[in-house]
file upload.cif (mmCIF, C-alpha atoms)
data_model
loop_
_atom_site.label_atom_id
_atom_site.label_comp_id
_atom_site.auth_asym_id
_atom_site.auth_seq_id
_atom_site.Cartn_x
_atom_site.Cartn_y
_atom_site.Cartn_z
CA ALA A 27 113.43 53.20 34.18
CA ASP A 28 113.65 54.16 37.87
CA THR A 29 117.26 52.99 38.06
CA PHE A 30 118.26 55.15 35.11
CA ARG A 31 116.29 58.07 36.52
CA MET A 32 118.13 57.70 39.85
CA PHE A 33 121.41 57.55 37.93
CA CYS A 34 120.56 60.86 36.27
CA LEU A 35 119.54 62.46 39.58
CA LEU A 36 123.00 61.76 40.96
CA TYR A 37 124.50 64.27 38.51
CA LYS A 38 123.80 67.93 37.95
CA TYR A 39 121.68 68.47 34.88
CA HIS A 40 124.32 70.59 33.15
CA SER A 41 127.35 68.41 33.85
CA ASN A 42 128.88 65.76 31.65
CA VAL A 43 128.08 62.25 32.79
CA GLU A 44 130.09 59.14 32.07
CA PHE A 45 127.83 56.14 31.92
CA SER A 46 129.09 52.83 33.28
CA ASP A 47 127.62 49.64 34.66
CA ASP A 48 129.22 50.35 38.04
CA ARG A 49 127.57 53.75 38.29
CA LEU A 50 124.25 52.27 37.24
CA SER A 51 124.66 49.59 39.93
CA GLU A 52 125.30 52.33 42.51
CA ALA A 53 122.08 54.05 41.45
CA ALA A 54 120.18 50.75 41.69
CA SER A 55 121.54 50.15 45.20
CA LEU A 56 120.54 53.62 46.31
CA LEU A 57 117.08 53.20 44.85
CA LYS A 58 116.75 49.87 46.65
CA ARG A 59 117.71 51.56 49.92
CA PHE A 60 115.00 54.19 49.47
CA VAL A 61 112.42 51.51 48.70
CA THR A 62 113.52 49.51 51.74
CA VAL A 63 113.18 52.56 54.00
CA THR A 64 109.77 53.56 52.66
CA ASP A 65 108.52 49.99 52.96
CA ALA A 66 109.79 49.80 56.55
CA THR A 67 108.25 53.12 57.56
CA ALA A 68 104.94 52.24 55.92
CA GLN A 69 104.89 48.98 57.87
CA VAL A 70 105.67 50.73 61.17
CA VAL A 71 102.86 53.23 60.55
CA LYS A 72 100.41 50.46 59.65
CA VAL A 73 101.22 48.39 62.72
CA GLY A 74 101.22 51.50 64.92
CA GLU A 75 97.79 52.56 63.71
CA GLU A 76 96.38 49.09 64.32
CA THR A 77 97.83 49.13 67.83
CA VAL A 78 96.43 52.61 68.53
CA GLN A 79 92.96 51.51 67.43
CA ASN A 80 93.10 48.76 70.04
CA THR A 81 94.16 51.01 72.94
CA ASP A 82 92.81 54.08 74.67
CA ASP A 83 96.21 55.74 75.09
CA VAL A 84 96.64 57.42 71.69
CA ARG A 85 98.89 60.31 72.72
CA ARG A 86 102.12 60.28 74.66
CA ARG A 87 104.69 62.91 75.49
CA TRP A 88 107.59 63.22 73.10
CA THR A 89 110.86 61.84 74.34
CA ALA A 90 114.26 63.41 73.71
CA ALA A 91 114.66 60.92 70.84
CA ASP A 92 111.35 62.10 69.34
CA HIS A 93 112.44 65.75 69.48
CA ASP A 94 115.80 64.87 67.95
CA PHE A 95 114.14 62.90 65.15
CA HIS A 96 111.63 65.68 64.48
CA ASN A 97 114.55 68.11 64.13
CA ARG A 98 116.21 65.71 61.68
CA VAL A 99 113.03 65.59 59.58
CA VAL A 100 112.91 69.39 59.46
CA ARG A 101 116.64 69.71 58.69
CA CYS A 102 116.39 67.13 55.91
CA GLU A 103 113.55 68.97 54.24
CA ASP A 104 115.42 72.27 54.60
CA LYS A 105 118.50 70.75 52.95
CA VAL A 106 116.51 69.26 50.09
CA VAL A 107 114.65 72.52 49.44
CA ALA A 108 117.89 74.52 49.60
CA ALA A 109 119.55 72.16 47.12
CA LEU A 110 116.64 72.37 44.71
CA CYS A 111 116.59 76.15 44.99
CA ASP A 112 120.32 76.17 44.20
CA ASP A 113 120.15 75.51 40.47
CA PHE A 114 118.07 72.35 40.96
CA ASP A 115 120.99 70.54 42.60
CA THR A 116 119.54 67.01 42.63
CA PRO A 117 122.80 65.30 43.69
CA THR A 118 122.84 67.30 46.94
CA ALA A 119 119.10 66.73 47.47
CA ILE A 120 119.50 62.95 46.98
CA GLN A 121 122.53 62.97 49.28
CA ALA A 122 120.48 64.71 52.01
CA LEU A 123 117.70 62.14 51.63
CA GLN A 124 120.20 59.28 51.65
CA HIS A 125 121.84 60.58 54.83
CA PHE A 126 118.39 61.00 56.39
CA THR A 127 117.50 57.34 55.72
CA ARG A 128 120.16 56.24 58.21
CA HIS A 129 118.44 58.23 60.94
CA VAL A 130 115.03 56.98 59.86
CA LEU A 131 116.06 53.34 60.14
CA ALA A 132 117.66 53.94 63.54
CA TYR A 133 114.56 55.73 64.83
CA VAL A 134 112.16 53.14 63.43
CA GLY A 135 114.19 50.48 65.24
CA GLU A 136 113.31 52.06 68.58
CA LYS A 137 110.48 50.36 70.45
CA GLN A 138 108.64 53.60 71.18
CA ALA A 139 108.95 55.36 67.80
CA ASN A 140 106.26 58.03 67.41
CA ILE A 141 103.97 56.97 64.57
CA GLU A 142 103.28 60.54 63.43
CA LEU A 143 107.01 61.26 63.18
CA VAL A 144 107.58 58.04 61.24
CA ARG A 145 104.71 59.00 58.91
CA ASN A 146 106.24 62.47 58.42
CA ALA A 147 109.62 60.95 57.56
CA HIS A 148 108.02 58.46 55.20
CA ASP A 149 105.97 61.11 53.43
CA LEU A 150 108.97 63.44 53.10
CA ILE A 151 111.07 60.79 51.37
CA VAL A 152 108.22 59.62 49.15
CA ARG A 153 107.18 63.17 48.23
CA TYR A 154 110.60 64.16 46.91
CA LEU A 155 111.41 60.87 45.21
CA SER A 156 108.00 60.91 43.54
CA MET A 157 108.57 64.51 42.50
CA PHE A 158 111.78 63.32 40.82
CA GLY A 159 109.67 60.83 38.86
CA LEU A 160 110.58 57.63 40.68
CA GLN A 161 107.55 55.42 40.22
CA HIS A 162 108.25 52.40 42.42
CA VAL A 163 108.56 54.25 45.69
CA GLU A 164 105.54 53.62 47.90
CA ARG A 165 103.17 56.60 47.63
CA SER A 166 102.14 57.36 51.21
CA ALA A 167 101.66 55.62 54.51
CA THR A 168 98.18 57.05 55.00
CA ALA A 169 97.43 59.79 52.52
CA PRO A 170 94.96 59.05 49.73
CA GLU A 171 96.47 58.28 46.38
CA THR A 172 96.81 61.14 43.98
CA SER A 173 96.65 60.52 40.30
CA SER A 174 100.05 60.27 38.68
CA ALA A 175 98.51 62.16 35.78
CA ASP A 176 97.71 65.01 38.18
CA ASP A 177 101.28 64.93 39.50
CA LYS A 178 102.66 65.00 35.97
CA ASP A 179 100.36 67.87 34.99
CA ARG A 180 101.48 69.88 38.03
CA ALA A 181 105.14 69.12 37.32
CA ILE A 182 104.84 70.09 33.67
CA GLN A 183 103.01 73.29 34.59
CA ALA A 184 105.70 74.14 37.15
CA ILE A 185 108.40 73.66 34.51
CA VAL A 186 106.51 75.77 31.97
CA ASP A 187 105.96 78.53 34.55
CA TYR A 188 109.62 78.46 35.58
CA ARG A 189 110.80 78.57 31.99
CA SER A 190 108.49 81.52 31.27
CA ARG A 191 109.82 83.43 34.28
CA VAL A 192 113.43 82.78 33.24
CA ARG A 193 112.66 83.89 29.69
CA GLU A 194 111.00 87.10 30.93
CA LEU A 195 113.90 87.83 33.27
CA SER A 196 116.51 87.24 30.58
CA ARG A 197 114.63 89.46 28.15
CA SER A 198 114.45 92.24 30.73
CA LEU A 199 118.15 91.94 31.60
CA PHE A 200 119.48 91.50 28.10
CA LYS A 201 117.63 93.90 25.88
CA PRO A 202 118.69 93.67 22.25
CA THR A 203 120.89 96.43 20.91
CA GLY A 204 120.11 98.28 17.70
CA ASP A 205 122.52 95.96 15.82
CA ALA A 206 120.54 92.81 16.49
CA LYS A 207 117.57 91.82 14.40
CA ALA A 208 114.34 91.24 16.29
#

call {"tool": "encode", "arguments": {"input": "upload.cif", "output": "structure tokens"}}
result
Amino acid sequence: ADTFRMFCLLYKYHSNVEFSDDRLSEAASLLKRFVTVTDATAQVVKVGEETVQNTDDVRRRWTAADHDFHNRVVRCEDKVVAALCDDFDTPTAIQALQHFTRHVLAYVGEKQANIELVRNAHDLIVRYLSMFGLQHVERSATAPETSSADDKDRAIQAIVDYRSRVRELSRSLFKPTGDAKA
């Protein structure tokens, strides 16, 4: 189900889609990449927290690499939000997340990766993929689990609210003429 959902996310909701095994394989590969990245970041956070518990030096100054990575986290979220605000452009949002995963893996590979920044990157990826309904992406490196029923209820309510606002706006913009029956 997640593979098909990823396949659908790679196309705008109002465009025609040609289904093929190759395109489904591409979606499966992309999904696998996201799972690999979230698993890796969760592991780094877990190991980092265990190490911090065993040392007194919890805080350290950010390096240039930390600042650069923080800026990449912020830019990724900005791109995803902008894409979703632009007619719910999921292909662009997924592309931004996919591009971001390259930077995440490079940063996680550094010996002195900041655990909080890794957690932020992890949670950003998981939050949006979970919002898109992908179930097999690890939930969070440290945050308590939220009920998927709660997530679904919030998502459904958001869709209902959005649809109501669009309906109200269209009714206010396109008032029926005297020729139309009510």

call {"tool": "resolve_selection", "arguments": {"input": "upload.cif", "expression": "the PyMOL selection byres ((chain A and resi 65) around 12)", "output": "PyMOL selection string"}}
result
chain A and resi 58-64+66-72+127+130-131+134+144-145+147-149+151-152+162-167

call {"tool": "atom_distance", "arguments": {"input": "upload.cif", "atom1": "atom CA of Leu50 of chain A", "atom2": "atom CA of Met157 of chain A"}}
result
20.6 Å

call {"tool": "atom_distance", "arguments": {"input": "upload.cif", "atom1": "atom CA of Ala27 of chain A", "atom2": "atom CA of Ala122 of chain A"}}
result
22.4 Å

call {"tool": "residues_around", "arguments": {"input": "upload.cif", "residues": "Gln161 of chain A", "least_positions_apart": "6", "cutoff": "12 Å", "atoms": "all atoms listed in the file", "output": "list in words"}}
result
Ala27, Asp28, Thr29, Phe30, Arg31, Met32, Leu57, Phe60, Val61, Val152, Arg153, Tyr154, Leu155, Ser174, Asp177 and Lys178 of chain A

call {"tool": "atom_distance", "arguments": {"input": "upload.cif", "atom1": "atom CA of His96 of chain A", "atom2": "atom CA of Asn146 of chain A"}}
result
8.7 Å

call {"tool": "resolve_selection", "arguments": {"input": "upload.cif", "expression": "the PyMOL selection byres ((chain A and resi 89) around 12)", "output": "list in words"}}
result
Arg86, Arg87, Trp88, Ala90, Ala91, Asp92, His93, Asp94, Phe95, His96, Tyr133, Glu136, Gln138, Ala139, Asn140 and Leu143 of chain A

call {"tool": "closest_residue", "arguments": {"input": "upload.cif", "among": "A:Leu150, A:Ala132, A:Val73, A:Ala119", "to": "Val100 of chain A", "atoms": "all atoms listed in the file"}}
result
A:Leu150

call {"tool": "closest_residue", "arguments": {"input": "upload.cif", "among": "A:Val107, A:Ala53, A:Asp115, A:Glu142", "to": "His40 of chain A", "atoms": "only C-alpha atoms"}}
result
A:Asp115

call {"tool": "resolve_selection", "arguments": {"input": "upload.cif", "expression": "the PyMOL selection byres ((chain A and resi 35) around 8)", "output": "list in words"}}
result
Arg31, Met32, Phe33, Cys34, Leu36, Tyr37, Lys38, Tyr39, Thr116, Pro117, Ile120 and Phe158 of chain A
